[in-house]
Amino acid sequence: MRSAGILLPFTSLPSEYGIGDFGPSALKFAKFLHDAGQKMWQVLPITMIDSGCGNSPYSPTSAFAGNYLLVSPEILLEEKLLTPEELKKLSAKYDFASKDPERVDYDSAKEFKTEILNAAYKHCMKTHDHNFKEFVKNTEWLESFATFSVIKQVQGGAPWYEWPEELRHRDPEAIRKFKAEYTTEIAHQEFYQYIFFDQAMKLKAHLEELNIKLIGDMPLYVTRDCADVWENPELFDLDEDLNPATVAGVPPDYFSQTGQLWGNPTYKWDVMEKTGFSWWIKRLKSLLAIFDYVRIDHFRGLVAYWAVPADETTAINGKWVDVPYKKFFACLKENFPTMPFWAENLGIITPDVEELRKEMKLPGMLILHFAFGNPWENPYAPHNNTRDNVIYTGTHDNNTSRGWFENDATDEERKNFSQYIGRDVIDGYIFTSEVTRLAVSSVADIAIIPMQDYLRLGADARINIPSTPSGNWAWRMKTDAIPTGLADRIKAATRLYGRCK
């Protein structure tokens, strides 16, 4: 069934508090999607982030814990977990009104959300909240993650592999003593997660009422300084001192003579197989409690991955290591019969990866920005598209369409595009309209358009520039950014090309 949606991270929503969240702007955007005839809202990963990794949602410090910066102060007010006086005092303290509304202020937002959640915790404890206690009781990963987070705070933010030996190696007596000393601080971390998941689930319920599917995103790897690596070192390729033996990356190719060295610890798939891949099953179940579908980033790494010795400075001397993927995907199929996953299959993909994707009936990805260097033989060009895909103008790693045309496209690509649509296009504003129309009209079953393209924004609205360590993940949509009539125009085009009734 043909459908369409919009890509917009939660962090990019407007808000009064430095970062987008699950609150009023999310509800307003959901209504916009409904009015525009859209059936899907795609977001970026919502797991915990670290400023040391540039606040990248693709460098999670937990495979399970949610990013509590997405918690809405307005919802806390509605639920009487925060008073108007508390919110007014704390928001004035951080003076968000004087800051750029089009950029996420991660540092201030983190301090502010921590303070309001601590205030909410006190209100919750006064009412002896039963739901919070049930959440703590029934969330398997929570206590370990909360303990990890508090140890990290006490250790001045140092990564776990630099902690004192007894904490680094999770000595049972040392952990017991720490928990006893920092009971309240650990409870606060648990409460942050309770509120995060409570608000996320309420938003999902609202989207279900509007018949809108929420599409999540799962990074294949986690960072080295991650609660899961600390808690389950046996699942990762570490030596006896808990240092990585191999790290992840991709090999040299046309775009990079030295490949890409990501530095994430790789998995011990033989150990995971012996556990019935239980860590992966739990991880995906946690995500699918919130999302209707999950996009799997670097999907090819579930068939074979590029493992680089940890002491290398480039990815040149890595090697391909096979994953027991037939057993793994049989396990996924058993646990998730409908296989609600999308595969990120961009770049150089080997035949076995595509065979698996098609066997599992997982949608792949098509990017129109990549189509016009040689459209006559390019799989991304609309005439070469196939139905079993999600087509995008661009993704979070691309420039906006206007920014791409004005700054990144070659003269040949611009010329080929003009020939492709049958008229000269010399303006990025017009290009954005035309390339969006091509995506929506494509034969691909699903079309997802970044919100920046519907707003025809330039390069300043780009989300991420790969391989740059800072300045990314910060764009936000202005409160009044959506012009009158845009929903109607999007709905008309969506209906014209058979993506809504």
# chains A, B, ... in the order shown; residues from 1 in each chain; ligands from 1
>>> residues_around(residues="region 478-486 of chain A", least_positions_apart="6", cutoff="12 Å", atoms="only C-alpha atoms", output="PyMOL selection string")
chain A and resi 12-16+18-20+24-26+28-29+32-33+35-37+100-104+451-457+461+492-493
>>> write_last_selection(atoms="N, CA and C atoms", output="mmCIF file, in the first residue's frame")
data_model
loop_
_atom_site.group_PDB
_atom_site.id
_atom_site.type_symbol
_atom_site.label_atom_id
_atom_site.label_comp_id
_atom_site.auth_asym_id
_atom_site.auth_seq_id
_atom_site.Cartn_x
_atom_site.Cartn_y
_atom_site.Cartn_z
ATOM 1 N N SER A 12 14.134 18.672 16.745
ATOM 2 C CA SER A 12 13.988 19.795 15.817
ATOM 3 C C SER A 12 12.646 20.504 15.921
ATOM 4 N N LEU A 13 11.776 20.023 16.775
ATOM 5 C CA LEU A 13 10.493 20.695 16.966
ATOM 6 C C LEU A 13 10.700 22.035 17.676
ATOM 7 N N PRO A 14 9.801 22.992 17.452
ATOM 8 C CA PRO A 14 9.880 24.243 18.221
ATOM 9 C C PRO A 14 9.558 23.985 19.689
ATOM 10 N N SER A 15 10.121 24.782 20.561
ATOM 11 C CA SER A 15 9.756 24.742 21.979
ATOM 12 C C SER A 15 10.319 25.989 22.645
ATOM 13 N N GLU A 16 9.867 26.242 23.860
ATOM 14 C CA GLU A 16 10.348 27.394 24.612
ATOM 15 C C GLU A 16 11.559 27.065 25.467
ATOM 16 N N GLY A 18 14.726 25.322 24.657
ATOM 17 C CA GLY A 18 16.045 24.998 24.123
ATOM 18 C C GLY A 18 16.145 23.772 23.257
ATOM 19 N N ILE A 19 15.099 22.943 23.246
ATOM 20 C CA ILE A 19 15.141 21.706 22.467
ATOM 21 C C ILE A 19 13.713 21.223 22.245
ATOM 22 N N GLY A 20 13.456 20.581 21.107
ATOM 23 C CA GLY A 20 12.143 20.005 20.866
ATOM 24 C C GLY A 20 11.872 18.850 21.814
ATOM 25 N N PRO A 24 3.545 20.100 23.472
ATOM 26 C CA PRO A 24 2.566 20.721 22.575
ATOM 27 C C PRO A 24 2.993 20.783 21.118
ATOM 28 N N SER A 25 4.275 21.046 20.847
ATOM 29 C CA SER A 25 4.718 21.137 19.453
ATOM 30 C C SER A 25 4.640 19.787 18.749
ATOM 31 N N ALA A 26 4.869 18.713 19.491
ATOM 32 C CA ALA A 26 4.740 17.376 18.903
ATOM 33 C C ALA A 26 3.284 17.102 18.533
ATOM 34 N N LYS A 28 1.029 19.390 17.882
ATOM 35 C CA LYS A 28 0.705 20.291 16.774
ATOM 36 C C LYS A 28 1.240 19.738 15.453
ATOM 37 N N PHE A 29 2.450 19.191 15.482
ATOM 38 C CA PHE A 29 3.018 18.628 14.261
ATOM 39 C C PHE A 29 2.251 17.378 13.841
ATOM 40 N N PHE A 32 -0.640 18.518 11.957
ATOM 41 C CA PHE A 32 -0.212 18.941 10.626
ATOM 42 C C PHE A 32 -0.047 17.734 9.710
ATOM 43 N N LEU A 33 0.580 16.675 10.201
ATOM 44 C CA LEU A 33 0.749 15.461 9.405
ATOM 45 C C LEU A 33 -0.611 14.909 8.981
ATOM 46 N N ASP A 35 -3.492 16.515 8.766
ATOM 47 C CA ASP A 35 -4.127 17.429 7.816
ATOM 48 C C ASP A 35 -3.494 17.333 6.428
ATOM 49 N N ALA A 36 -2.198 16.979 6.387
ATOM 50 C CA ALA A 36 -1.474 16.884 5.112
ATOM 51 C C ALA A 36 -1.595 15.506 4.471
ATOM 52 N N GLY A 37 -2.410 14.624 5.065
ATOM 53 C CA GLY A 37 -2.605 13.302 4.488
ATOM 54 C C GLY A 37 -1.423 12.373 4.652
ATOM 55 N N ASP A 100 18.892 31.507 20.342
ATOM 56 C CA ASP A 100 18.496 31.259 18.966
ATOM 57 C C ASP A 100 17.428 30.168 18.919
ATOM 58 N N PRO A 101 16.210 30.482 18.483
ATOM 59 C CA PRO A 101 15.138 29.481 18.458
ATOM 60 C C PRO A 101 15.317 28.424 17.381
ATOM 61 N N GLU A 102 16.286 28.643 16.473
ATOM 62 C CA GLU A 102 16.504 27.678 15.393
ATOM 63 C C GLU A 102 17.683 26.747 15.657
ATOM 64 N N ARG A 103 18.218 26.779 16.888
ATOM 65 C CA ARG A 103 19.329 25.893 17.236
ATOM 66 C C ARG A 103 19.069 25.256 18.600
ATOM 67 N N VAL A 104 19.334 23.971 18.704
ATOM 68 C CA VAL A 104 19.234 23.286 19.987
ATOM 69 C C VAL A 104 20.367 23.750 20.892
ATOM 70 N N MET A 451 11.327 17.546 6.542
ATOM 71 C CA MET A 451 10.495 18.734 6.698
ATOM 72 C C MET A 451 11.165 19.964 6.111
ATOM 73 N N GLN A 452 12.487 20.033 6.168
ATOM 74 C CA GLN A 452 13.194 21.182 5.608
ATOM 75 C C GLN A 452 12.897 21.364 4.126
ATOM 76 N N ASP A 453 12.659 20.239 3.422
ATOM 77 C CA ASP A 453 12.377 20.353 1.989
ATOM 78 C C ASP A 453 10.968 20.877 1.741
ATOM 79 N N TYR A 454 10.017 20.479 2.569
ATOM 80 C CA TYR A 454 8.686 21.061 2.418
ATOM 81 C C TYR A 454 8.692 22.555 2.748
ATOM 82 N N LEU A 455 9.627 22.969 3.600
ATOM 83 C CA LEU A 455 9.759 24.392 3.918
ATOM 84 C C LEU A 455 10.723 25.097 2.970
ATOM 85 N N ARG A 456 11.361 24.329 2.075
ATOM 86 C CA ARG A 456 12.307 24.839 1.071
ATOM 87 C C ARG A 456 13.455 25.622 1.716
ATOM 88 N N LEU A 457 14.002 25.056 2.756
ATOM 89 C CA LEU A 457 15.080 25.716 3.490
ATOM 90 C C LEU A 457 16.435 25.379 2.884
ATOM 91 N N ALA A 461 19.734 24.787 7.414
ATOM 92 C CA ALA A 461 18.810 23.874 8.092
ATOM 93 C C ALA A 461 19.277 22.423 8.017
ATOM 94 N N ALA A 492 -2.743 17.413 -1.393
ATOM 95 C CA ALA A 492 -3.157 17.332 -2.797
ATOM 96 C C ALA A 492 -2.162 16.511 -3.611
ATOM 97 N N ALA A 493 -0.865 16.775 -3.407
ATOM 98 C CA ALA A 493 0.156 16.019 -4.141
ATOM 99 C C ALA A 493 0.175 14.562 -3.700
#
>>> closest_atom_pairs(of="region 172-257 of chain A", to="region 77-82 of chain A", cutoff="12 Å", atoms="only C-alpha atoms", output="Markdown table")
| residue | atom | partner | partner_atom | distance |
| --- | --- | --- | --- | --- |
| A:Phe191 | CA | A:Leu81 | CA | 11.9 |
| A:Ile195 | CA | A:Leu81 | CA | 10.2 |
| A:Asp198 | CA | A:Glu79 | CA | 11.5 |
| A:Gln199 | CA | A:Glu79 | CA | 10.8 |
>>> residues_around(residues="region 241-244 of chain A", least_positions_apart="3", cutoff="6 Å", atoms="only C-alpha atoms", output="PyMOL selection string")
chain A and resi 237-238+265
>>> residues_around(residues="Lys110 (chain A)", least_positions_apart="5", cutoff="10 Å", atoms="only C-alpha atoms", output="number ranges by chain")
A: 18-19, 67-70, 105, 115
>>> closest_residue(among="A:Asp228, A:Asp397, A:Asp239, A:Asp292", to="Arg462 (chain A)", atoms="only C-alpha atoms")
A:Asp397
>>> residues_around(residues="Asn399 (chain A)", least_positions_apart="2", cutoff="8 Å", atoms="only C-alpha atoms", output="list in words")
Gly394, Thr395, His396, Asp397, Ser401, Arg402, Gly403, Trp404, Ala459, Arg462, Ile463, Asn464 and Ile465 of chain A
>>> write_last_selection(atoms="N, CA, C and O atoms", output="PDB file, in the first residue's frame")
ATOM      1  N   GLY A 394      16.444  13.447   0.481  1.00  0.00           N
ATOM      2  CA  GLY A 394      17.696  13.278   1.203  1.00  0.00           C
ATOM      3  C   GLY A 394      17.374  12.830   2.615  1.00  0.00           C
ATOM      4  O   GLY A 394      16.201  12.769   3.006  1.00  0.00           O
ATOM      5  N   THR A 395      18.395  12.515   3.395  1.00  0.00           N
ATOM      6  CA  THR A 395      18.193  12.098   4.779  1.00  0.00           C
ATOM      7  C   THR A 395      18.895  13.080   5.710  1.00  0.00           C
ATOM      8  O   THR A 395      19.375  14.142   5.290  1.00  0.00           O
ATOM      9  N   HIS A 396      19.006  12.696   6.967  1.00  0.00           N
ATOM     10  CA  HIS A 396      19.674  13.537   7.959  1.00  0.00           C
ATOM     11  C   HIS A 396      21.150  13.746   7.643  1.00  0.00           C
ATOM     12  O   HIS A 396      21.757  14.701   8.130  1.00  0.00           O
ATOM     13  N   ASP A 397      21.745  12.847   6.876  1.00  0.00           N
ATOM     14  CA  ASP A 397      23.168  12.979   6.531  1.00  0.00           C
ATOM     15  C   ASP A 397      23.395  13.803   5.268  1.00  0.00           C
ATOM     16  O   ASP A 397      24.535  14.105   4.921  1.00  0.00           O
ATOM     17  N   SER A 401      17.598  19.791   0.240  1.00  0.00           N
ATOM     18  CA  SER A 401      17.588  19.754  -1.225  1.00  0.00           C
ATOM     19  C   SER A 401      18.004  21.097  -1.820  1.00  0.00           C
ATOM     20  O   SER A 401      18.775  21.150  -2.785  1.00  0.00           O
ATOM     21  N   ARG A 402      17.523  22.160  -1.240  1.00  0.00           N
ATOM     22  CA  ARG A 402      17.927  23.486  -1.721  1.00  0.00           C
ATOM     23  C   ARG A 402      19.424  23.696  -1.510  1.00  0.00           C
ATOM     24  O   ARG A 402      20.144  24.181  -2.402  1.00  0.00           O
ATOM     25  N   GLY A 403      19.922  23.318  -0.332  1.00  0.00           N
ATOM     26  CA  GLY A 403      21.347  23.456  -0.046  1.00  0.00           C
ATOM     27  C   GLY A 403      22.194  22.592  -0.960  1.00  0.00           C
ATOM     28  O   GLY A 403      23.279  23.004  -1.396  1.00  0.00           O
ATOM     29  N   TRP A 404      21.698  21.385  -1.272  1.00  0.00           N
ATOM     30  CA  TRP A 404      22.442  20.493  -2.169  1.00  0.00           C
ATOM     31  C   TRP A 404      22.558  21.112  -3.558  1.00  0.00           C
ATOM     32  O   TRP A 404      23.639  21.143  -4.140  1.00  0.00           O
ATOM     33  N   ALA A 459      20.957  25.457   3.234  1.00  0.00           N
ATOM     34  CA  ALA A 459      21.959  24.663   3.938  1.00  0.00           C
ATOM     35  C   ALA A 459      22.004  24.946   5.436  1.00  0.00           C
ATOM     36  O   ALA A 459      22.455  24.094   6.217  1.00  0.00           O
ATOM     37  N   ARG A 462      20.508  22.219   7.595  1.00  0.00           N
ATOM     38  CA  ARG A 462      21.031  20.848   7.530  1.00  0.00           C
ATOM     39  C   ARG A 462      21.164  20.266   8.937  1.00  0.00           C
ATOM     40  O   ARG A 462      21.564  20.964   9.871  1.00  0.00           O
ATOM     41  N   ILE A 463      20.869  18.973   9.081  1.00  0.00           N
ATOM     42  CA  ILE A 463      20.934  18.306  10.379  1.00  0.00           C
ATOM     43  C   ILE A 463      22.355  17.864  10.722  1.00  0.00           C
ATOM     44  O   ILE A 463      22.842  18.085  11.828  1.00  0.00           O
ATOM     45  N   ASN A 464      23.039  17.233   9.750  1.00  0.00           N
ATOM     46  CA  ASN A 464      24.333  16.624  10.057  1.00  0.00           C
ATOM     47  C   ASN A 464      25.252  16.662   8.847  1.00  0.00           C
ATOM     48  O   ASN A 464      24.818  16.489   7.712  1.00  0.00           O
ATOM     49  N   ILE A 465      26.536  16.919   9.108  1.00  0.00           N
ATOM     50  CA  ILE A 465      27.583  16.771   8.100  1.00  0.00           C
ATOM     51  C   ILE A 465      28.472  15.625   8.570  1.00  0.00           C
ATOM     52  O   ILE A 465      29.205  15.767   9.553  1.00  0.00           O
TER      53      ILE A 465
END
>>> select_by_dssp(residues="region 322-493 of chain A", states="helix (DSSP H, G or I)", output="mmCIF file with C-alpha atoms, in the first residue's frame")
data_model
loop_
_atom_site.group_PDB
_atom_site.id
_atom_site.type_symbol
_atom_site.label_atom_id
_atom_site.label_comp_id
_atom_site.auth_asym_id
_atom_site.auth_seq_id
_atom_site.Cartn_x
_atom_site.Cartn_y
_atom_site.Cartn_z
ATOM 1 C CA TYR A 325 22.846 -13.840 10.019
ATOM 2 C CA LYS A 326 20.612 -16.708 8.910
ATOM 3 C CA LYS A 327 20.180 -17.831 12.514
ATOM 4 C CA PHE A 328 19.893 -14.234 13.703
ATOM 5 C CA PHE A 329 17.146 -13.317 11.253
ATOM 6 C CA ALA A 330 15.320 -16.584 11.894
ATOM 7 C CA CYS A 331 15.304 -15.540 15.542
ATOM 8 C CA LEU A 332 14.016 -12.076 14.620
ATOM 9 C CA LYS A 333 11.280 -13.600 12.479
ATOM 10 C CA GLU A 334 10.206 -15.843 15.358
ATOM 11 C CA ASN A 335 10.020 -12.931 17.792
ATOM 12 C CA PRO A 351 24.486 -9.305 -3.218
ATOM 13 C CA ASP A 352 24.039 -11.352 -0.028
ATOM 14 C CA VAL A 353 22.855 -8.247 1.846
ATOM 15 C CA GLU A 354 20.222 -7.471 -0.790
ATOM 16 C CA GLU A 355 19.167 -11.132 -0.965
ATOM 17 C CA LEU A 356 18.586 -11.117 2.788
ATOM 18 C CA ARG A 357 16.681 -7.820 2.678
ATOM 19 C CA LYS A 358 14.364 -9.121 -0.016
ATOM 20 C CA GLU A 359 13.927 -12.503 1.646
ATOM 21 C CA LEU A 368 17.255 11.225 -5.009
ATOM 22 C CA HIS A 369 20.271 13.458 -4.350
ATOM 23 C CA PHE A 370 22.391 10.508 -5.504
ATOM 24 C CA PRO A 375 20.576 8.787 -14.146
ATOM 25 C CA TRP A 376 20.413 6.431 -17.150
ATOM 26 C CA GLU A 377 21.942 3.591 -15.105
ATOM 27 C CA PRO A 382 12.980 7.322 -10.410
ATOM 28 C CA HIS A 383 12.684 5.258 -13.605
ATOM 29 C CA ASN A 384 14.910 2.601 -11.998
ATOM 30 C CA SER A 401 17.588 19.754 -1.225
ATOM 31 C CA ARG A 402 17.927 23.486 -1.721
ATOM 32 C CA GLY A 403 21.347 23.456 -0.046
ATOM 33 C CA TRP A 404 22.442 20.493 -2.169
ATOM 34 C CA PHE A 405 21.468 22.155 -5.442
ATOM 35 C CA GLU A 406 23.021 25.501 -4.502
ATOM 36 C CA ASN A 407 26.227 24.234 -2.889
ATOM 37 C CA ASP A 408 26.959 20.562 -3.534
ATOM 38 C CA ASP A 411 27.143 21.246 -13.138
ATOM 39 C CA GLU A 412 26.569 17.844 -14.721
ATOM 40 C CA GLU A 413 24.073 16.841 -12.020
ATOM 41 C CA ARG A 414 22.154 20.099 -12.444
ATOM 42 C CA LYS A 415 22.121 19.643 -16.227
ATOM 43 C CA ASN A 416 21.003 16.020 -15.981
ATOM 44 C CA PHE A 417 18.232 16.949 -13.583
ATOM 45 C CA SER A 418 16.914 19.633 -15.930
ATOM 46 C CA GLN A 419 16.925 17.165 -18.802
ATOM 47 C CA TYR A 420 15.253 14.557 -16.615
ATOM 48 C CA ILE A 421 12.225 16.723 -15.804
ATOM 49 C CA GLY A 428 17.463 25.766 -5.545
ATOM 50 C CA TYR A 429 13.990 26.798 -4.466
ATOM 51 C CA ILE A 430 12.424 25.380 -7.617
ATOM 52 C CA PHE A 431 14.678 22.313 -7.534
ATOM 53 C CA THR A 432 13.349 21.483 -4.070
ATOM 54 C CA SER A 433 9.762 21.529 -5.301
ATOM 55 C CA GLU A 434 10.589 19.387 -8.326
ATOM 56 C CA VAL A 435 12.690 16.784 -6.538
ATOM 57 C CA THR A 436 10.029 16.479 -3.834
ATOM 58 C CA ARG A 437 7.429 15.857 -6.537
ATOM 59 C CA LEU A 438 9.661 13.165 -8.073
ATOM 60 C CA ALA A 439 9.921 11.412 -4.702
ATOM 61 C CA VAL A 440 6.188 11.470 -4.035
ATOM 62 C CA SER A 441 5.404 10.311 -7.602
ATOM 63 C CA MET A 451 10.495 18.734 6.698
ATOM 64 C CA GLN A 452 13.194 21.182 5.608
ATOM 65 C CA ASP A 453 12.377 20.353 1.989
ATOM 66 C CA TYR A 454 8.686 21.061 2.418
ATOM 67 C CA ALA A 459 21.959 24.663 3.938
ATOM 68 C CA ASP A 460 21.539 26.409 7.307
ATOM 69 C CA ALA A 461 18.810 23.874 8.092
ATOM 70 C CA LEU A 486 1.102 23.954 3.164
ATOM 71 C CA ALA A 487 -0.841 21.006 4.591
ATOM 72 C CA ASP A 488 -3.423 21.309 1.822
ATOM 73 C CA ARG A 489 -0.737 21.472 -0.880
ATOM 74 C CA ILE A 490 1.062 18.418 0.498
ATOM 75 C CA LYS A 491 -2.204 16.502 0.781
ATOM 76 C CA ALA A 492 -3.157 17.332 -2.797
ATOM 77 C CA ALA A 493 0.156 16.019 -4.141
#
>>> select_by_dssp(residues="region 176-347 of chain A", states="strand (DSSP E)", output="ChimeraX atom specification")
/A:213-218,246-250,260-265,293-296,304-309,319-322,341-343
>>> residues_around(residues="Val150 (chain A)", least_positions_apart="5", cutoff="12 Å", atoms="only C-alpha atoms", output="PyMOL selection string")
chain A and resi 143-145+155-160+167+175+178-179+181-190+227
>>> residues_around(residues="Val294 (chain A)", least_positions_apart="5", cutoff="9 Å", atoms="only C-alpha atoms", output="PyMOL selection string")
chain A and resi 214-218+284+287-288+340-343
>>> closest_residue(among="A:Leu235, A:Ala310, A:Ala65, A:Val247", to="Lys274 (chain A)", atoms="only C-alpha atoms")
A:Leu235
>>> closest_residue(among="A:Lys99, A:Lys213, A:His169, A:Lys204", to="Pro233 (chain A)", atoms="only C-alpha atoms")
A:His169
>>> decode(residues="region 318-327 of chain A", atoms="all heavy atoms", output="PDB file, in the first residue's frame")
ATOM      1  N   GLY A 318      41.591  -3.530   8.251  1.00  0.00           N
ATOM      2  CA  GLY A 318      40.507  -4.325   8.805  1.00  0.00           C
ATOM      3  C   GLY A 318      40.254  -5.567   7.964  1.00  0.00           C
ATOM      4  O   GLY A 318      40.946  -5.835   6.966  1.00  0.00           O
ATOM      5  N   LYS A 319      39.255  -6.324   8.370  1.00  0.00           N
ATOM      6  CA  LYS A 319      38.853  -7.501   7.600  1.00  0.00           C
ATOM      7  C   LYS A 319      37.357  -7.730   7.789  1.00  0.00           C
ATOM      8  O   LYS A 319      36.773  -7.323   8.791  1.00  0.00           O
ATOM      9  CB  LYS A 319      39.635  -8.741   8.023  1.00  0.00           C
ATOM     10  CG  LYS A 319      39.352  -9.186   9.456  1.00  0.00           C
ATOM     11  CD  LYS A 319      40.110 -10.480   9.787  1.00  0.00           C
ATOM     12  CE  LYS A 319      39.782 -10.945  11.214  1.00  0.00           C
ATOM     13  NZ  LYS A 319      40.478 -12.207  11.546  1.00  0.00           N
ATOM     14  N   TRP A 320      36.761  -8.384   6.792  1.00  0.00           N
ATOM     15  CA  TRP A 320      35.349  -8.722   6.891  1.00  0.00           C
ATOM     16  C   TRP A 320      35.176  -9.921   7.813  1.00  0.00           C
ATOM     17  O   TRP A 320      35.890 -10.922   7.694  1.00  0.00           O
ATOM     18  CB  TRP A 320      34.768  -9.046   5.525  1.00  0.00           C
ATOM     19  CG  TRP A 320      34.581  -7.848   4.649  1.00  0.00           C
ATOM     20  CD1 TRP A 320      35.279  -7.518   3.530  1.00  0.00           C
ATOM     21  CD2 TRP A 320      33.616  -6.812   4.842  1.00  0.00           C
ATOM     22  NE1 TRP A 320      34.819  -6.334   2.997  1.00  0.00           N
ATOM     23  CE2 TRP A 320      33.797  -5.871   3.785  1.00  0.00           C
ATOM     24  CE3 TRP A 320      32.632  -6.559   5.788  1.00  0.00           C
ATOM     25  CZ2 TRP A 320      33.020  -4.727   3.664  1.00  0.00           C
ATOM     26  CZ3 TRP A 320      31.857  -5.418   5.675  1.00  0.00           C
ATOM     27  CH2 TRP A 320      32.046  -4.519   4.622  1.00  0.00           C
ATOM     28  N   VAL A 321      34.223  -9.812   8.710  1.00  0.00           N
ATOM     29  CA  VAL A 321      33.889 -10.908   9.620  1.00  0.00           C
ATOM     30  C   VAL A 321      32.414 -11.239   9.429  1.00  0.00           C
ATOM     31  O   VAL A 321      31.558 -10.359   9.499  1.00  0.00           O
ATOM     32  CB  VAL A 321      34.153 -10.527  11.093  1.00  0.00           C
ATOM     33  CG1 VAL A 321      33.772 -11.675  12.022  1.00  0.00           C
ATOM     34  CG2 VAL A 321      35.615 -10.138  11.287  1.00  0.00           C
ATOM     35  N   ASP A 322      32.137 -12.510   9.191  1.00  0.00           N
ATOM     36  CA  ASP A 322      30.760 -12.922   8.945  1.00  0.00           C
ATOM     37  C   ASP A 322      29.946 -12.955  10.230  1.00  0.00           C
ATOM     38  O   ASP A 322      30.447 -13.296  11.307  1.00  0.00           O
ATOM     39  CB  ASP A 322      30.730 -14.309   8.305  1.00  0.00           C
ATOM     40  CG  ASP A 322      31.284 -14.309   6.887  1.00  0.00           C
ATOM     41  OD1 ASP A 322      31.202 -13.250   6.228  1.00  0.00           O
ATOM     42  OD2 ASP A 322      31.805 -15.356   6.455  1.00  0.00           O
ATOM     43  N   VAL A 323      28.679 -12.600  10.091  1.00  0.00           N
ATOM     44  CA  VAL A 323      27.703 -12.701  11.170  1.00  0.00           C
ATOM     45  C   VAL A 323      26.858 -13.951  10.912  1.00  0.00           C
ATOM     46  O   VAL A 323      26.549 -14.240   9.752  1.00  0.00           O
ATOM     47  CB  VAL A 323      26.801 -11.447  11.193  1.00  0.00           C
ATOM     48  CG1 VAL A 323      25.649 -11.597  12.182  1.00  0.00           C
ATOM     49  CG2 VAL A 323      27.636 -10.210  11.525  1.00  0.00           C
ATOM     50  N   PRO A 324      26.465 -14.692  11.942  1.00  0.00           N
ATOM     51  CA  PRO A 324      25.555 -15.828  11.723  1.00  0.00           C
ATOM     52  C   PRO A 324      24.149 -15.319  11.406  1.00  0.00           C
ATOM     53  O   PRO A 324      23.190 -15.536  12.146  1.00  0.00           O
ATOM     54  CB  PRO A 324      25.615 -16.591  13.048  1.00  0.00           C
ATOM     55  CG  PRO A 324      25.936 -15.557  14.070  1.00  0.00           C
ATOM     56  CD  PRO A 324      26.860 -14.584  13.368  1.00  0.00           C
ATOM     57  N   TYR A 325      24.053 -14.635  10.272  1.00  0.00           N
ATOM     58  CA  TYR A 325      22.846 -13.840  10.019  1.00  0.00           C
ATOM     59  C   TYR A 325      21.619 -14.693   9.730  1.00  0.00           C
ATOM     60  O   TYR A 325      20.494 -14.276  10.027  1.00  0.00           O
ATOM     61  CB  TYR A 325      23.097 -12.845   8.880  1.00  0.00           C
ATOM     62  CG  TYR A 325      23.303 -13.426   7.516  1.00  0.00           C
ATOM     63  CD1 TYR A 325      22.219 -13.647   6.665  1.00  0.00           C
ATOM     64  CD2 TYR A 325      24.576 -13.717   7.041  1.00  0.00           C
ATOM     65  CE1 TYR A 325      22.404 -14.149   5.401  1.00  0.00           C
ATOM     66  CE2 TYR A 325      24.764 -14.219   5.767  1.00  0.00           C
ATOM     67  CZ  TYR A 325      23.682 -14.442   4.956  1.00  0.00           C
ATOM     68  OH  TYR A 325      23.857 -14.950   3.685  1.00  0.00           O
ATOM     69  N   LYS A 326      21.788 -15.882   9.175  1.00  0.00           N
ATOM     70  CA  LYS A 326      20.612 -16.708   8.910  1.00  0.00           C
ATOM     71  C   LYS A 326      19.941 -17.109  10.218  1.00  0.00           C
ATOM     72  O   LYS A 326      18.707 -17.044  10.351  1.00  0.00           O
ATOM     73  CB  LYS A 326      21.002 -17.929   8.087  1.00  0.00           C
ATOM     74  CG  LYS A 326      21.429 -17.586   6.662  1.00  0.00           C
ATOM     75  CD  LYS A 326      21.693 -18.818   5.842  1.00  0.00           C
ATOM     76  CE  LYS A 326      22.079 -18.430   4.406  1.00  0.00           C
ATOM     77  NZ  LYS A 326      22.351 -19.641   3.573  1.00  0.00           N
ATOM     78  N   LYS A 327      20.734 -17.483  11.205  1.00  0.00           N
ATOM     79  CA  LYS A 327      20.180 -17.831  12.514  1.00  0.00           C
ATOM     80  C   LYS A 327      19.628 -16.594  13.211  1.00  0.00           C
ATOM     81  O   LYS A 327      18.578 -16.650  13.862  1.00  0.00           O
ATOM     82  CB  LYS A 327      21.253 -18.493  13.377  1.00  0.00           C
ATOM     83  CG  LYS A 327      21.708 -19.848  12.876  1.00  0.00           C
ATOM     84  CD  LYS A 327      22.766 -20.450  13.783  1.00  0.00           C
ATOM     85  CE  LYS A 327      23.216 -21.819  13.275  1.00  0.00           C
ATOM     86  NZ  LYS A 327      24.284 -22.397  14.135  1.00  0.00           N
TER      87      LYS A 327
END
